[in-house]
Amino acid sequence: MHALLDALLTRDPLQRARLSQALWAMLLMSAGIVAMHYFVWIGAAPARGVAAWTLLAVGGMAGAYALIRSGWSRRLADPSMTVLQMGYAVTCGAWAYALVGAGRGGVFPVVMVILMFGMFIATPRQMVGVSLYAVSVFGATMALMAWLQPQVYAPAIELGHFLMVATMMPAVSILAARLARMRQRARTQRAELTAALARIRELATRDELTGLINRRHLQELMEQEHQRCIRSGHTFCIAVLEIDDFDRQAAGLGDHGRDELLHGVAVEGQRYVRVADVLAYWGGQRMVLLMSDTRAPLARAGLDRLRERVAASRVVPRAEGLRVTLSAGLAEHHAGETVVQTLARAEACLAEGAVERGAGASSAPAVAA
C-alpha cells in the first residue's frame, strides 16, 4: 500500500499535497461523468456528445495530474495548477449544461462542489477570477442555448438560472476571502506558538546571563555522552574552569562588574571551543567544558589554547587594561566510573592547581591521571 501511494503521490510532502488535490479533482469529475451517463441512459443527453465530453474531461484532469507528477508544473507560478484545474472544470460544467437539456439543473451542484473544493486551496484573488470566469462562461452558454434551442432552454428560465449563478459565485468568493483570513490567522498563531516554544526551550537549556548551556542541561548532555561512550568504547574529557581573582576583578568594574565579567568570559570562551564541544555555565565564577571523543593530551592542548585566547582578549570592552585569566582542572573519563566521579576528579585537579598557583598567577591546567 505504501509503495502504491509513493508511486502515485511521491515522497515529497509538498508534491504529495499537490497530487492529492489533483486526484480529488479527478474523483469529483468522475462523479460528474457518472451523472452525465445517467442522463444518456434516460435519453436526456446525446450519447456521442457525452462520450466526447467524457474524453476531454478525463483527459484534462489526467493531464494536470501528469504535469504535476512529472514536476513540470514547478516552473509555473502556481505549481499545484489549482486555478487551471478549476477553470477547466468550470468549462466542462458549462459544456455539460449545454448537453443535458432538461437535466441541466443537476450541473449547478457539481460546479458548486468544484468551487467549494477550491476555497480551501486557492487565494481570494484566484477565487474571484474563477468566479468571474464561471459567470461569464455560464452566461454565454445560457444565452447561446436559449437562442439555439428556445423550446428546451426557455429564455425566461435561462435568465433565472443566470441570476442564480451570478449571485452564487460572488458569495463563494466572499466565503473564500473569509476562509483565507482564517487560514492566515491560524498560520500567524502557529508561528507565534512555535517562537514561544523555541523561547521556552532556550530558557530551559541556557543561562540567561552568559548565554551558555546551563548546568542542568549540561548534566543531561554529559550523561548522554557517557552512554554513547559505553556503546562505542570511546572516551571524553571534562574540564572545570574558574575565573582567577573573580571577586577583586568584578569589584573593580563597579555595580554590574560580576555580570559583565561572566558574560565577557563566556562570549570569548565560546568563540574558541570546538563545534563538537560544549561550554556551560556551572555557577559562581565556574564554567565546565565537555569535550567529546577526546583523550587527555588533545584536551589539554585545546584547553591551553582556550585559556591563552581568553587571557589575550578584551573580555570587558570598557575596561581596557583588564586581563582575565582562567584556572582549569581536567579529567579524562575512565571506563566503569560515573560522570559524577569524572567531574569530581576534574574539580579536585582545579583545587590542586589553585593551591600550587598561590599568589594568583594563572598556572597550567591540572590533569587527573
# chains A, B, ... in the order shown; residues from 1 in each chain; ligands from 1

$ residues_around --residues "segment 54-59 of chain A" --least-positions-apart "6" --cutoff "8 Å" --atoms "only C-alpha atoms" --output "list in words"
Met26, Met29, Ser30, Ile33, Ala89 and Cys92 of chain A

$ write_last_selection --atoms "C-alpha atoms" --output "PDB file, in the first residue's frame"
ATOM      1  CA  MET A  26     -10.380  13.722 -10.751  1.00  0.00           C
ATOM      2  CA  MET A  29     -15.005  14.877 -12.143  1.00  0.00           C
ATOM      3  CA  SER A  30     -15.665  11.132 -12.120  1.00  0.00           C
ATOM      4  CA  ILE A  33     -19.149  11.684 -15.549  1.00  0.00           C
ATOM      5  CA  ALA A  89     -13.751  22.012 -14.541  1.00  0.00           C
ATOM      6  CA  CYS A  92     -16.581  21.226 -18.638  1.00  0.00           C
TER       7      CYS A  92
END

$ residues_around --residues "Leu221 of chain A" --least-positions-apart "2" --cutoff "12 Å" --atoms "only C-alpha atoms" --output "number ranges by chain"
A: 205, 213-219, 223-228, 236, 238, 276-280, 288-292, 339

$ residues_around --residues "segment 184-191 of chain A" --least-positions-apart "6" --cutoff "12 Å" --atoms "only C-alpha atoms" --output "ChimeraX atom specification"
/A:120,123-124,177-178,197-198

$ write_last_selection --atoms "N, CA and C atoms" --output "mmCIF file, in the first residue's frame"
data_model
loop_
_atom_site.group_PDB
_atom_site.id
_atom_site.type_symbol
_atom_site.label_atom_id
_atom_site.label_comp_id
_atom_site.auth_asym_id
_atom_site.auth_seq_id
_atom_site.Cartn_x
_atom_site.Cartn_y
_atom_site.Cartn_z
ATOM 1 N N PHE A 120 -10.600 25.980 -0.212
ATOM 2 C CA PHE A 120 -9.635 25.577 0.808
ATOM 3 C C PHE A 120 -8.196 25.640 0.294
ATOM 4 N N THR A 123 -6.331 31.271 -3.400
ATOM 5 C CA THR A 123 -6.332 32.563 -2.707
ATOM 6 C C THR A 123 -7.629 33.303 -3.033
ATOM 7 N N PRO A 124 -8.002 34.312 -2.248
ATOM 8 C CA PRO A 124 -9.213 35.085 -2.558
ATOM 9 C C PRO A 124 -9.188 35.679 -3.959
ATOM 10 N N ALA A 177 -12.619 34.469 0.746
ATOM 11 C CA ALA A 177 -11.806 35.512 1.369
ATOM 12 C C ALA A 177 -11.807 35.361 2.891
ATOM 13 N N ARG A 178 -12.967 35.064 3.457
ATOM 14 C CA ARG A 178 -13.035 34.881 4.916
ATOM 15 C C ARG A 178 -12.238 33.661 5.350
ATOM 16 N N LEU A 197 7.526 28.437 21.934
ATOM 17 C CA LEU A 197 8.090 27.155 22.369
ATOM 18 C C LEU A 197 9.608 27.148 22.248
ATOM 19 N N ALA A 198 10.099 27.754 21.155
ATOM 20 C CA ALA A 198 11.556 27.846 20.992
ATOM 21 C C ALA A 198 12.174 28.685 22.105
#

$ atom_distance --atom1 "atom CA of Met61 of chain A" --atom2 "atom CA of Gln15 of chain A"
16.4 Å

$ residues_around --residues "Gly284 of chain A" --least-positions-apart "2" --cutoff "9 Å" --atoms "only C-alpha atoms" --output "mmCIF file with N, CA and C atoms, in the first residue's frame"
data_model
loop_
_atom_site.group_PDB
_atom_site.id
_atom_site.type_symbol
_atom_site.label_atom_id
_atom_site.label_comp_id
_atom_site.auth_asym_id
_atom_site.auth_seq_id
_atom_site.Cartn_x
_atom_site.Cartn_y
_atom_site.Cartn_z
ATOM 1 N N GLU A 242 37.729 28.173 36.081
ATOM 2 C CA GLU A 242 37.386 29.168 37.092
ATOM 3 C C GLU A 242 38.102 30.475 36.765
ATOM 4 N N LEU A 262 31.400 37.837 33.850
ATOM 5 C CA LEU A 262 30.922 36.496 33.485
ATOM 6 C C LEU A 262 30.495 36.447 32.021
ATOM 7 N N TYR A 281 27.751 27.160 31.752
ATOM 8 C CA TYR A 281 27.916 27.903 32.999
ATOM 9 C C TYR A 281 27.527 26.989 34.146
ATOM 10 N N TRP A 282 28.448 26.846 35.114
ATOM 11 C CA TRP A 282 28.228 25.890 36.204
ATOM 12 C C TRP A 282 27.725 26.569 37.472
ATOM 13 N N ARG A 286 32.484 29.719 37.874
ATOM 14 C CA ARG A 286 32.930 28.492 37.215
ATOM 15 C C ARG A 286 32.133 28.163 35.952
ATOM 16 N N MET A 287 32.863 27.571 35.024
ATOM 17 C CA MET A 287 32.269 27.025 33.809
ATOM 18 C C MET A 287 32.815 25.625 33.610
#

$ closest_atom_pairs --of "segment 122-202 of chain A" --to "segment 66-82 of chain A" --cutoff "12 Å" --atoms "only C-alpha atoms" --output "JSON lines"
{"residue": "A:Ala122", "atom": "CA", "partner": "A:Thr82", "partner_atom": "CA", "distance": 6.7}
{"residue": "A:Thr123", "atom": "CA", "partner": "A:Thr82", "partner_atom": "CA", "distance": 9.8}
{"residue": "A:Gln126", "atom": "CA", "partner": "A:Thr82", "partner_atom": "CA", "distance": 8.9}
{"residue": "A:Met127", "atom": "CA", "partner": "A:Thr82", "partner_atom": "CA", "distance": 10.1}
{"residue": "A:Gly129", "atom": "CA", "partner": "A:Thr82", "partner_atom": "CA", "distance": 12.0}
{"residue": "A:Val130", "atom": "CA", "partner": "A:Thr82", "partner_atom": "CA", "distance": 10.2}
